[in-house]
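A.B. asks: You'll find my_file_14.pdb just under this line, and it carries PDB, C-alpha atoms.
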MODEL        1
ATOM      1  CA  MET A  29     167.526  87.298  67.493
ATOM      2  CA  SER A  30     167.821  87.365  63.701
ATOM      3  CA  LEU A  31     169.607  90.109  61.821
ATOM      4  CA  MET A  32     167.192  91.031  59.033
ATOM      5  CA  LYS A  33     168.590  93.483  56.511
ATOM      6  CA  SER A  34     166.714  96.045  54.474
ATOM      7  CA  THR A  35     166.010  94.522  51.061
ATOM      8  CA  GLN A  36     163.870  94.832  48.013
ATOM      9  CA  MET A  37     161.481  91.923  48.530
ATOM     10  CA  ILE A  38     160.513  89.895  45.491
ATOM     11  CA  ASN A  39     156.786  89.144  45.295
ATOM     12  CA  GLY A  40     156.576  89.709  49.043
ATOM     13  CA  LYS A  41     158.684  86.600  49.736
ATOM     14  CA  THR A  42     161.489  86.357  52.303
ATOM     15  CA  ILE A  43     164.844  84.789  51.448
ATOM     16  CA  LEU A  44     167.353  83.180  53.803
ATOM     17  CA  ALA A  45     170.995  82.868  52.709
ATOM     18  CA  VAL A  46     173.038  80.047  54.239
ATOM     19  CA  ILE A  47     176.841  80.177  54.030
ATOM     20  CA  PRO A  48     178.312  76.808  55.091
ATOM     21  CA  ALA A  49     181.958  76.443  56.067
ATOM     22  CA  ARG A  50     183.437  73.594  58.042
ATOM     23  CA  GLY A  51     186.851  73.531  59.656
ATOM     24  CA  GLY A  52     188.110  70.330  58.080
ATOM     25  CA  SER A  53     189.343  70.274  54.498
ATOM     26  CA  LYS A  54     191.466  67.616  52.859
ATOM     27  CA  GLY A  55     192.317  69.307  49.564
ATOM     28  CA  VAL A  56     193.312  72.724  50.922
ATOM     29  CA  LYS A  57     193.909  72.908  54.668
ATOM     30  CA  ARG A  58     191.805  75.562  56.446
ATOM     31  CA  LYS A  59     190.818  76.857  53.015
ATOM     32  CA  ASN A  60     187.856  78.873  54.277
ATOM     33  CA  LEU A  61     190.279  81.192  56.085
ATOM     34  CA  ARG A  62     192.924  81.378  53.355
ATOM     35  CA  ASN A  63     193.866  84.820  52.112
ATOM     36  CA  VAL A  64     192.275  85.502  48.750
ATOM     37  CA  GLY A  65     192.765  88.930  47.224
ATOM     38  CA  GLY A  66     193.639  90.417  50.601
ATOM     39  CA  LYS A  67     190.827  88.955  52.711
ATOM     40  CA  PRO A  68     189.658  85.586  54.082
ATOM     41  CA  LEU A  69     187.950  83.333  51.548
ATOM     42  CA  ILE A  70     184.647  83.403  53.455
ATOM     43  CA  GLU A  71     184.503  87.202  53.322
ATOM     44  CA  TRP A  72     183.905  87.222  49.567
ATOM     45  CA  THR A  73     180.706  85.225  49.945
ATOM     46  CA  ILE A  74     179.526  87.099  53.033
ATOM     47  CA  ASP A  75     179.933  90.398  51.173
ATOM     48  CA  ALA A  76     178.123  89.094  48.080
ATOM     49  CA  ALA A  77     175.201  87.876  50.194
ATOM     50  CA  LYS A  78     174.964  91.104  52.189
ATOM     51  CA  ASN A  79     174.964  93.181  48.989
ATOM     52  CA  ALA A  80     172.359  91.101  47.149
ATOM     53  CA  GLN A  81     169.160  93.131  46.983
ATOM     54  CA  TYR A  82     166.699  90.260  47.485
ATOM     55  CA  ILE A  83     168.262  88.451  50.466
ATOM     56  CA  ASP A  84     166.640  89.254  53.829
ATOM     57  CA  ARG A  85     168.819  87.302  56.231
ATOM     58  CA  VAL A  86     172.366  85.941  55.981
ATOM     59  CA  ILE A  87     173.552  83.215  58.354
ATOM     60  CA  PHE A  88     176.776  81.255  58.731
ATOM     61  CA  SER A  89     176.751  77.505  59.415
ATOM     62  CA  SER A  90     179.870  75.928  60.900
ATOM     63  CA  GLU A  91     181.123  73.648  63.669
ATOM     64  CA  ASP A  92     184.466  75.462  63.844
ATOM     65  CA  GLN A  93     184.825  78.079  66.597
ATOM     66  CA  GLU A  94     187.519  80.069  64.781
ATOM     67  CA  LEU A  95     185.457  80.253  61.603
ATOM     68  CA  MET A  96     182.369  81.300  63.536
ATOM     69  CA  GLY A  97     184.387  84.010  65.266
ATOM     70  CA  VAL A  98     185.720  85.409  61.999
ATOM     71  CA  ALA A  99     182.240  85.339  60.428
ATOM     72  CA  THR A 100     180.852  87.271  63.397
ATOM     73  CA  GLU A 101     183.613  89.870  63.076
ATOM     74  CA  LEU A 102     182.693  90.239  59.408
ATOM     75  CA  GLY A 103     179.118  91.090  60.365
ATOM     76  CA  CYS A 104     177.502  87.751  59.530
ATOM     77  CA  GLU A 105     174.935  86.199  61.836
ATOM     78  CA  VAL A 106     176.012  82.910  63.473
ATOM     79  CA  PRO A 107     172.822  81.687  65.199
ATOM     80  CA  PHE A 108     174.004  78.144  66.031
ATOM     81  CA  ALA A 109     176.922  75.731  65.926
ATOM     82  CA  ARG A 110     176.517  73.040  63.298
ATOM     83  CA  PRO A 111     176.371  69.475  64.724
ATOM     84  CA  ASP A 112     179.525  67.425  64.159
ATOM     85  CA  ASP A 113     177.658  64.810  62.112
ATOM     86  CA  LEU A 114     176.846  67.538  59.561
ATOM     87  CA  ALA A 115     180.493  68.634  59.342
ATOM     88  CA  THR A 116     181.896  65.469  57.764
ATOM     89  CA  ASP A 117     182.802  64.561  54.182
ATOM     90  CA  GLU A 118     179.707  62.365  54.044
ATOM     91  CA  ALA A 119     177.222  65.114  55.015
ATOM     92  CA  SER A 120     175.389  66.590  52.024
ATOM     93  CA  MET A 121     174.905  70.314  51.527
ATOM     94  CA  SER A 122     171.153  69.682  51.329
ATOM     95  CA  ASP A 123     171.244  68.196  54.826
ATOM     96  CA  VAL A 124     173.221  71.218  56.070
ATOM     97  CA  VAL A 125     170.771  73.704  54.549
ATOM     98  CA  CYS A 126     167.684  71.846  55.773
ATOM     99  CA  HIS A 127     169.191  71.833  59.270
ATOM    100  CA  ALA A 128     169.776  75.590  59.027
ATOM    101  CA  ILE A 129     166.175  76.215  57.930
ATOM    102  CA  ARG A 130     164.852  74.286  60.930
ATOM    103  CA  GLU A 131     167.302  75.865  63.383
ATOM    104  CA  CYS A 132     166.396  79.404  62.347
ATOM    105  CA  GLY A 133     162.909  78.970  63.742
ATOM    106  CA  GLU A 134     161.477  81.842  61.725
ATOM    107  CA  PHE A 135     160.015  80.590  58.481
ATOM    108  CA  HIS A 136     161.388  81.917  55.219
ATOM    109  CA  ASP A 137     159.849  81.366  51.801
ATOM    110  CA  TYR A 138     163.103  80.681  49.977
ATOM    111  CA  VAL A 139     166.641  79.659  50.838
ATOM    112  CA  VAL A 140     169.863  80.204  48.920
ATOM    113  CA  LEU A 141     173.000  78.157  49.542
ATOM    114  CA  LEU A 142     176.212  80.122  48.941
ATOM    115  CA  GLN A 143     179.384  78.090  49.320
ATOM    116  CA  PRO A 144     182.511  80.113  50.249
ATOM    117  CA  THR A 145     184.533  78.089  47.744
ATOM    118  CA  SER A 146     183.012  80.195  44.931
ATOM    119  CA  PRO A 147     184.397  83.643  45.809
ATOM    120  CA  LEU A 148     184.042  85.137  42.322
ATOM    121  CA  ARG A 149     180.259  84.851  42.200
ATOM    122  CA  SER A 150     178.689  88.317  42.403
ATOM    123  CA  SER A 151     175.695  89.829  44.184
ATOM    124  CA  GLU A 152     174.175  90.331  40.741
ATOM    125  CA  ASP A 153     174.503  86.597  40.036
ATOM    126  CA  ILE A 154     172.553  85.869  43.211
ATOM    127  CA  ASP A 155     169.809  88.335  42.319
ATOM    128  CA  GLN A 156     169.625  86.941  38.771
ATOM    129  CA  VAL A 157     169.080  83.418  40.118
ATOM    130  CA  VAL A 158     166.354  84.625  42.482
ATOM    131  CA  GLY A 159     164.618  86.622  39.767
ATOM    132  CA  MET A 160     164.802  83.798  37.234
ATOM    133  CA  CYS A 161     163.400  81.239  39.666
ATOM    134  CA  VAL A 162     160.501  83.424  40.810
ATOM    135  CA  LYS A 163     159.684  84.667  37.282
ATOM    136  CA  ASN A 164     159.492  81.102  35.986
ATOM    137  CA  ASN A 165     157.541  79.924  39.035
ATOM    138  CA  ALA A 166     160.123  77.165  39.479
ATOM    139  CA  PRO A 167     160.775  75.476  42.838
ATOM    140  CA  ALA A 168     164.562  75.641  42.451
ATOM    141  CA  CYS A 169     167.365  77.168  40.402
ATOM    142  CA  VAL A 170     171.074  76.327  40.385
ATOM    143  CA  SER A 171     174.073  78.010  38.779
ATOM    144  CA  VAL A 172     175.952  76.202  36.022
ATOM    145  CA  SER A 173     178.838  76.881  33.662
ATOM    146  CA  LYS A 174     179.722  75.474  30.267
ATOM    147  CA  VAL A 175     182.353  72.732  30.404
ATOM    148  CA  SER A 176     185.630  73.554  28.687
ATOM    149  CA  LYS A 177     186.298  69.964  27.582
ATOM    150  CA  SER A 178     183.442  68.045  26.010
ATOM    151  CA  PRO A 179     182.717  64.624  27.574
ATOM    152  CA  TYR A 180     181.967  63.348  24.057
ATOM    153  CA  TRP A 181     185.720  63.281  23.495
ATOM    154  CA  MET A 182     186.511  61.525  26.776
ATOM    155  CA  TYR A 183     187.585  57.929  27.349
ATOM    156  CA  GLU A 184     187.611  55.341  30.111
ATOM    157  CA  ARG A 185     191.010  53.736  30.689
ATOM    158  CA  LYS A 186     191.245  50.105  31.743
ATOM    159  CA  GLU A 187     193.957  48.473  33.846
ATOM    160  CA  ASN A 188     195.595  46.992  30.753
ATOM    161  CA  GLY A 189     195.920  50.485  29.260
ATOM    162  CA  LEU A 190     193.198  50.106  26.637
ATOM    163  CA  ILE A 191     190.722  52.971  26.288
ATOM    164  CA  ASN A 192     187.027  53.008  25.400
ATOM    165  CA  PRO A 193     184.859  56.024  24.531
ATOM    166  CA  LEU A 194     182.871  57.241  27.528
ATOM    167  CA  LYS A 195     179.324  55.981  27.105
ATOM    168  CA  ILE A 196     176.958  58.936  26.892
ATOM    169  CA  SER A 197     173.304  58.846  25.934
ATOM    170  CA  PRO A 198     172.409  59.799  23.294
ATOM    171  CA  GLU A 199     175.514  58.701  21.438
ATOM    172  CA  ILE A 200     176.851  61.454  19.225
ATOM    173  CA  LYS A 201     179.662  61.155  16.734
ATOM    174  CA  ALA A 202     181.307  64.453  15.887
ATOM    175  CA  TYR A 203     184.765  65.333  14.692
ATOM    176  CA  ARG A 204     184.637  69.094  15.127
ATOM    177  CA  ARG A 205     184.198  70.925  18.430
ATOM    178  CA  GLN A 206     181.521  73.219  16.986
ATOM    179  CA  ASP A 207     179.386  70.205  16.043
ATOM    180  CA  LEU A 208     179.161  68.945  19.606
ATOM    181  CA  PRO A 209     176.200  69.863  21.855
ATOM    182  CA  SER A 210     176.833  72.375  24.651
ATOM    183  CA  ILE A 211     177.312  70.655  28.006
ATOM    184  CA  TYR A 212     176.973  72.334  31.380
ATOM    185  CA  GLN A 213     178.102  71.470  34.881
ATOM    186  CA  LEU A 214     177.026  72.591  38.336
ATOM    187  CA  ASN A 215     179.593  75.204  39.343
ATOM    188  CA  GLY A 216     178.721  75.143  43.053
ATOM    189  CA  ALA A 217     178.211  78.900  43.345
ATOM    190  CA  ILE A 218     174.446  79.292  43.892
ATOM    191  CA  TYR A 219     171.683  76.881  44.898
ATOM    192  CA  PHE A 220     168.235  78.440  45.355
ATOM    193  CA  ALA A 221     164.973  76.746  46.339
ATOM    194  CA  ASP A 222     161.558  77.078  47.898
ATOM    195  CA  CYS A 223     162.020  76.106  51.554
ATOM    196  CA  LYS A 224     159.016  73.763  51.808
ATOM    197  CA  TRP A 225     159.951  72.084  48.532
ATOM    198  CA  LEU A 226     163.559  71.570  49.669
ATOM    199  CA  LEU A 227     162.567  70.194  53.071
ATOM    200  CA  GLU A 228     160.359  67.634  51.333
ATOM    201  CA  ARG A 229     162.907  66.523  48.717
ATOM    202  CA  ASN A 230     166.216  67.205  50.485
ATOM    203  CA  SER A 231     167.835  68.030  47.142
ATOM    204  CA  PHE A 232     168.243  71.186  45.091
ATOM    205  CA  VAL A 233     168.507  69.285  41.819
ATOM    206  CA  CYS A 234     165.369  67.525  40.600
ATOM    207  CA  GLU A 235     163.414  67.322  37.339
ATOM    208  CA  GLU A 236     161.829  70.712  38.090
ATOM    209  CA  THR A 237     165.103  72.557  38.745
ATOM    210  CA  ILE A 238     166.053  75.291  36.273
ATOM    211  CA  SER A 239     169.530  76.706  35.666
ATOM    212  CA  TYR A 240     171.387  80.011  35.510
ATOM    213  CA  VAL A 241     174.520  80.140  33.355
ATOM    214  CA  MET A 242     177.613  81.841  34.779
ATOM    215  CA  PRO A 243     180.812  82.571  32.822
ATOM    216  CA  SER A 244     183.883  80.477  33.553
ATOM    217  CA  GLU A 245     185.782  83.440  35.026
ATOM    218  CA  ARG A 246     183.241  83.660  37.862
ATOM    219  CA  SER A 247     182.816  79.904  38.250
ATOM    220  CA  VAL A 248     186.171  78.871  39.730
ATOM    221  CA  ASP A 249     185.589  76.598  42.736
ATOM    222  CA  VAL A 250     188.310  76.188  45.358
ATOM    223  CA  ASP A 251     189.129  72.496  45.537
ATOM    224  CA  GLU A 252     192.928  72.534  45.384
ATOM    225  CA  GLU A 253     195.860  74.937  45.663
ATOM    226  CA  LEU A 254     195.862  75.564  41.917
ATOM    227  CA  ASP A 255     192.344  77.018  42.174
ATOM    228  CA  LEU A 256     193.536  79.604  44.709
ATOM    229  CA  ILE A 257     196.345  80.612  42.357
ATOM    230  CA  MET A 258     193.855  80.974  39.503
ATOM    231  CA  ILE A 259     191.436  83.069  41.580
ATOM    232  CA  ASN A 260     194.175  85.400  42.785
ATOM    233  CA  ALA A 261     195.338  85.800  39.172
ATOM    234  CA  ILE A 262     191.807  86.714  38.039
ATOM    235  CA  LEU A 263     191.462  89.225  40.878
ATOM    236  CA  SER A 264     194.840  90.744  39.982
ATOM    237  CA  VAL A 265     193.714  91.251  36.374
ATOM    238  CA  ARG A 266     190.478  92.827  37.589
ATOM    239  CA  ASN A 267     192.348  95.240  39.824
ATOM    240  CA  ASN A 268     194.715  96.231  37.015
ATOM    241  CA  GLU A 269     191.773  96.886  34.674
ATOM    242  CA  SER A 270     190.036  98.996  37.329
ATOM    243  CA  GLU A 271     193.159 101.104  37.847
ATOM    244  CA  LYS A 272     193.387 101.803  34.106
ATOM    245  CA  GLN A 273     189.819 103.110  33.953
TER     246      GLN A 273
ENDMDL
END
Represent the structure contained in this file as structure tokens.
C.D. replies:
Amino acid sequence: MSLMKSTQMINGKTILAVIPARGGSKGVKRKNLRNVGGKPLIEWTIDAAKNAQYIDRVIFSSEDQELMGVATELGCEVPFARPDDLATDEASMSDVVCHAIRECGEFHDYVVLLQPTSPLRSSEDIDQVVGMCVKNNAPACVSVSKVSKSPYWMYERKENGLINPLKISPEIKAYRRQDLPSIYQLNGAIYFADCKWLLERNSFVCEETISYVMPSERSVDVDEELDLIMINAILSVRNNESEKQ
């Protein structure tokens, strides 16, 4: 039985949130259960999804029994155990989400992928992505952030130590940072799409996909130990600012 929450529906459409978390992790061992700001990493994303006004149902996708148990304790629905072949390094997030859509049985109009490795993304960010996608009648919307180092100043290094400018089209020659075009990267925080569209294409990012820009301070993605240190530092600053108010 699904756990539908009371929401403010957008254009009468239903939205499924999928939070994927596998047990294996090479960069940071058991990172989905690591303590971040006083609670498990996965709790930040579960809370953000539950507090988003447009999401109707929040489910957790994992093959790991401990993770599934913690998610259940945190009030997140765990309707199935993810197959082992979808819990490997080779499995794509699109495959994981499409599997979740099919497993849920009940049809939803939209799906949003919320990876636990982006704990600083807010409920408001999620609602902004949903609203932007629906308003623009787009099939998909993903969150991005501006890169801090422009690729136009990057080089490839050969075995003999020689370097060549990274080939980027169109080629742009600029000597000042302010003259370079703004470049954005997927920050991994929010992937939103029409369910039928996603099931057909098996990818959130296509020519029709639009983007939602998030600031760098909410775009930190946990990939290594240094990222956890950075996130805890940001949360500490936030807490100190809240106490001063």
A.B. asks: Report the closest atom pair, with its distance in Å rounded to one decimal, for each residue of region 140-188 of chain A that has an atom no farther than 9 Å from region 230-233 of chain A; count all atoms listed in the file, sort by chain and then rising residue number, and write it as a tab-separated table.
C.D. replies:
residue	atom	partner	partner_atom	distance
A:Pro167	CA	A:Phe232	CA	8.9
A:Ala168	CA	A:Phe232	CA	6.4
A:Cys169	CA	A:Phe232	CA	7.7
A:Val170	CA	A:Phe232	CA	7.5
A.B. asks: For CA of Val175 (chain A) and CA of Thr145 (chain A), determine how far apart the two atoms are, in Å to one decimal place.
C.D. replies: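 Pair CA of Val175 (chain A) / CA of Thr145 (chain A) returns 18.3 Å.
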A.B. asks: Starting from the PyMOL selection byres ((chain A and resi 126) around 12), expand the selection into actual residues of this file and give them as an mmCIF file with C-alpha atoms, keeping the file's coordinate frame.
C.D. replies:
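Contents of the output file result.cif:
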data_model
loop_
_atom_site.group_PDB
_atom_site.id
_atom_site.type_symbol
_atom_site.label_atom_id
_atom_site.label_comp_id
_atom_site.auth_asym_id
_atom_site.auth_seq_id
_atom_site.Cartn_x
_atom_site.Cartn_y
_atom_site.Cartn_z
ATOM 1 C CA LEU A 44 167.353 83.180 53.803
ATOM 2 C CA ALA A 45 170.995 82.868 52.709
ATOM 3 C CA VAL A 46 173.038 80.047 54.239
ATOM 4 C CA PRO A 48 178.312 76.808 55.091
ATOM 5 C CA SER A 89 176.751 77.505 59.415
ATOM 6 C CA ARG A 110 176.517 73.040 63.298
ATOM 7 C CA LEU A 114 176.846 67.538 59.561
ATOM 8 C CA ALA A 119 177.222 65.114 55.015
ATOM 9 C CA SER A 120 175.389 66.590 52.024
ATOM 10 C CA MET A 121 174.905 70.314 51.527
ATOM 11 C CA SER A 122 171.153 69.682 51.329
ATOM 12 C CA ASP A 123 171.244 68.196 54.826
ATOM 13 C CA VAL A 124 173.221 71.218 56.070
ATOM 14 C CA VAL A 125 170.771 73.704 54.549
ATOM 15 C CA HIS A 127 169.191 71.833 59.270
ATOM 16 C CA ALA A 128 169.776 75.590 59.027
ATOM 17 C CA ILE A 129 166.175 76.215 57.930
ATOM 18 C CA ARG A 130 164.852 74.286 60.930
ATOM 19 C CA GLU A 131 167.302 75.865 63.383
ATOM 20 C CA CYS A 132 166.396 79.404 62.347
ATOM 21 C CA GLY A 133 162.909 78.970 63.742
ATOM 22 C CA PHE A 135 160.015 80.590 58.481
ATOM 23 C CA HIS A 136 161.388 81.917 55.219
ATOM 24 C CA TYR A 138 163.103 80.681 49.977
ATOM 25 C CA VAL A 139 166.641 79.659 50.838
ATOM 26 C CA VAL A 140 169.863 80.204 48.920
ATOM 27 C CA LEU A 141 173.000 78.157 49.542
ATOM 28 C CA ALA A 221 164.973 76.746 46.339
ATOM 29 C CA ASP A 222 161.558 77.078 47.898
ATOM 30 C CA CYS A 223 162.020 76.106 51.554
ATOM 31 C CA LYS A 224 159.016 73.763 51.808
ATOM 32 C CA TRP A 225 159.951 72.084 48.532
ATOM 33 C CA LEU A 226 163.559 71.570 49.669
ATOM 34 C CA LEU A 227 162.567 70.194 53.071
ATOM 35 C CA GLU A 228 160.359 67.634 51.333
ATOM 36 C CA ARG A 229 162.907 66.523 48.717
ATOM 37 C CA ASN A 230 166.216 67.205 50.485
ATOM 38 C CA SER A 231 167.835 68.030 47.142
ATOM 39 C CA PHE A 232 168.243 71.186 45.091
#
A.B. asks: Find the residues around region 68-70 of chain A up to 10 Å (all atoms listed in the file counted), leave out those fewer than 6 positions away in its own chain, and share them as number ranges by chain.
C.D. replies: A: 47-49, 58-62, 88, 95, 98-99, 102, 143-147, 250, 256
A.B. asks: Starting from the displayed file, determine the output of the PyMOL selection byres ((chain A and resi 216) around 7) and express the residue list as a PyMOL selection string.
C.D. replies: chain A and resi 143+146+171+214-215+217-218
A.B. asks: When you count all atoms listed in the file, which of these residues is closest to Asp112 (chain A): A:Gly51, A:Gly189, A:Asn260, A:Lys78?
C.D. replies: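 Answer, going by the shortest atom-to-atom distance: A:Gly51.
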A.B. asks: So, with only C-alpha atoms as the atoms that count, which of A:Ile196, A:Ile238, A:Val64, A:Val56 lies closest to Lys163 (chain A)?
C.D. replies: A:Ile238
A.B. asks: Nearest to Ala109 (chain A): which of A:Arg50, A:Glu71, A:Lys177, A:Ile259 is it, counting all atoms listed in the file?
C.D. replies: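 Of the candidates, the smallest distance to Ala109 (chain A) is held by A:Arg50.
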A.B. asks: Which of these, A:Thr237, A:Ser150, A:Thr116, A:Ser90, has the shortest distance to Asp75 (chain A) once you count all atoms listed in the file?
C.D. replies: A:Ser150
A.B. asks: Name the closest residue to Ile262 (chain A) among the candidates A:Tyr183, A:Asp117, A:Ser178, A:Leu148; distances are taken between atoms, counting only C-alpha atoms.
C.D. replies: A:Leu148
A.B. asks: Output as lines of an AutoDock Vina configuration file the centre and edge lengths (Å, one decimal) of the box along x, y and z of the file that holds every listed atom of region 223-230 of chain A after adding 8 Å on each side.
C.D. replies:
center_x = 162.6
center_y = 71.3
center_z = 50.8
size_x = 23.2
size_y = 25.6
size_z = 20.5
A.B. asks: Just the residues within 12 Å of Asn39 (chain A), please, counting only C-alpha atoms, with nothing from its chain fewer than 4 positions along; format it as a list in words.
C.D. replies: Ile43, Tyr82, Asp137, Tyr138, Val158, Gly159, Cys161, Val162, Lys163 and Asn165 of chain A
A.B. asks: Quote the spacing between CA of Met160 (chain A) and CA of Tyr240 (chain A) in Å to one decimal place.
C.D. replies: 7.8 Å
A.B. asks: Would you compute the distance between CA of Glu253 (chain A) and CA of Gly52 (chain A)? Give it in Å to one decimal.
C.D. replies: 15.3 Å
A.B. asks: Would you write out, as a list of chain:residue names, every residue that the PyMOL selection byres ((chain A and resi 152) around 10) captures in this file?
C.D. replies: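 Answer for the PyMOL selection byres ((chain A and resi 152) around 10): A:Ala76, A:Ala77, A:Asn79, A:Ala80, A:Gln81, A:Arg149, A:Ser150, A:Ser151, A:Asp153, A:Ile154, A:Asp155, A:Gln156, A:Val157, A:Val158.
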A.B. asks: Is there a way to complete region 259-267 of chain A with all heavy atoms and then write that out as a PDB file, in the frame of the given file?
C.D. replies:
ATOM      1  N   ILE A 259     192.326  82.010  41.093  1.00  0.00           N
ATOM      2  CA  ILE A 259     191.436  83.069  41.580  1.00  0.00           C
ATOM      3  C   ILE A 259     192.216  84.347  41.856  1.00  0.00           C
ATOM      4  O   ILE A 259     191.790  85.447  41.491  1.00  0.00           O
ATOM      5  CB  ILE A 259     190.692  82.605  42.848  1.00  0.00           C
ATOM      6  CG1 ILE A 259     189.644  81.554  42.473  1.00  0.00           C
ATOM      7  CG2 ILE A 259     190.022  83.784  43.560  1.00  0.00           C
ATOM      8  CD1 ILE A 259     189.001  80.870  43.655  1.00  0.00           C
ATOM      9  N   ASN A 260     193.359  84.215  42.503  1.00  0.00           N
ATOM     10  CA  ASN A 260     194.175  85.400  42.785  1.00  0.00           C
ATOM     11  C   ASN A 260     194.655  86.055  41.493  1.00  0.00           C
ATOM     12  O   ASN A 260     194.755  87.284  41.415  1.00  0.00           O
ATOM     13  CB  ASN A 260     195.361  85.021  43.670  1.00  0.00           C
ATOM     14  CG  ASN A 260     194.987  84.959  45.142  1.00  0.00           C
ATOM     15  OD1 ASN A 260     194.436  85.906  45.697  1.00  0.00           O
ATOM     16  ND2 ASN A 260     195.266  83.832  45.783  1.00  0.00           N
ATOM     17  N   ALA A 261     194.916  85.247  40.462  1.00  0.00           N
ATOM     18  CA  ALA A 261     195.338  85.800  39.172  1.00  0.00           C
ATOM     19  C   ALA A 261     194.189  86.577  38.529  1.00  0.00           C
ATOM     20  O   ALA A 261     194.390  87.672  37.987  1.00  0.00           O
ATOM     21  CB  ALA A 261     195.798  84.680  38.246  1.00  0.00           C
ATOM     22  N   ILE A 262     192.988  86.034  38.599  1.00  0.00           N
ATOM     23  CA  ILE A 262     191.807  86.714  38.039  1.00  0.00           C
ATOM     24  C   ILE A 262     191.561  88.032  38.771  1.00  0.00           C
ATOM     25  O   ILE A 262     191.284  89.069  38.144  1.00  0.00           O
ATOM     26  CB  ILE A 262     190.563  85.803  38.135  1.00  0.00           C
ATOM     27  CG1 ILE A 262     190.712  84.610  37.194  1.00  0.00           C
ATOM     28  CG2 ILE A 262     189.287  86.591  37.803  1.00  0.00           C
ATOM     29  CD1 ILE A 262     189.630  83.548  37.341  1.00  0.00           C
ATOM     30  N   LEU A 263     191.670  88.011  40.090  1.00  0.00           N
ATOM     31  CA  LEU A 263     191.462  89.225  40.878  1.00  0.00           C
ATOM     32  C   LEU A 263     192.528  90.275  40.561  1.00  0.00           C
ATOM     33  O   LEU A 263     192.245  91.478  40.525  1.00  0.00           O
ATOM     34  CB  LEU A 263     191.470  88.893  42.372  1.00  0.00           C
ATOM     35  CG  LEU A 263     190.276  88.076  42.879  1.00  0.00           C
ATOM     36  CD1 LEU A 263     190.490  87.662  44.329  1.00  0.00           C
ATOM     37  CD2 LEU A 263     188.983  88.882  42.749  1.00  0.00           C
ATOM     38  N   SER A 264     193.754  89.825  40.326  1.00  0.00           N
ATOM     39  CA  SER A 264     194.840  90.744  39.982  1.00  0.00           C
ATOM     40  C   SER A 264     194.559  91.438  38.650  1.00  0.00           C
ATOM     41  O   SER A 264     194.764  92.653  38.508  1.00  0.00           O
ATOM     42  CB  SER A 264     196.160  89.974  39.910  1.00  0.00           C
ATOM     43  OG  SER A 264     197.218  90.820  39.530  1.00  0.00           O
ATOM     44  N   VAL A 265     194.060  90.682  37.681  1.00  0.00           N
ATOM     45  CA  VAL A 265     193.714  91.251  36.374  1.00  0.00           C
ATOM     46  C   VAL A 265     192.584  92.262  36.535  1.00  0.00           C
ATOM     47  O   VAL A 265     192.611  93.348  35.943  1.00  0.00           O
ATOM     48  CB  VAL A 265     193.305  90.141  35.385  1.00  0.00           C
ATOM     49  CG1 VAL A 265     192.721  90.743  34.112  1.00  0.00           C
ATOM     50  CG2 VAL A 265     194.495  89.258  35.052  1.00  0.00           C
ATOM     51  N   ARG A 266     191.598  91.912  37.348  1.00  0.00           N
ATOM     52  CA  ARG A 266     190.478  92.827  37.589  1.00  0.00           C
ATOM     53  C   ARG A 266     190.956  94.141  38.189  1.00  0.00           C
ATOM     54  O   ARG A 266     190.535  95.219  37.777  1.00  0.00           O
ATOM     55  CB  ARG A 266     189.477  92.178  38.556  1.00  0.00           C
ATOM     56  CG  ARG A 266     188.575  91.133  37.945  1.00  0.00           C
ATOM     57  CD  ARG A 266     187.542  90.711  38.977  1.00  0.00           C
ATOM     58  NE  ARG A 266     186.729  89.608  38.529  1.00  0.00           N
ATOM     59  CZ  ARG A 266     185.807  89.028  39.282  1.00  0.00           C
ATOM     60  NH1 ARG A 266     185.607  89.465  40.520  1.00  0.00           N
ATOM     61  NH2 ARG A 266     185.081  88.028  38.810  1.00  0.00           N
ATOM     62  N   ASN A 267     191.837  94.029  39.170  1.00  0.00           N
ATOM     63  CA  ASN A 267     192.348  95.240  39.824  1.00  0.00           C
ATOM     64  C   ASN A 267     193.126  96.109  38.843  1.00  0.00           C
ATOM     65  O   ASN A 267     193.016  97.333  38.855  1.00  0.00           O
ATOM     66  CB  ASN A 267     193.240  94.862  41.013  1.00  0.00           C
ATOM     67  CG  ASN A 267     192.441  94.270  42.162  1.00  0.00           C
ATOM     68  OD1 ASN A 267     191.250  94.529  42.301  1.00  0.00           O
ATOM     69  ND2 ASN A 267     193.100  93.445  42.968  1.00  0.00           N
TER      70      ASN A 267
END
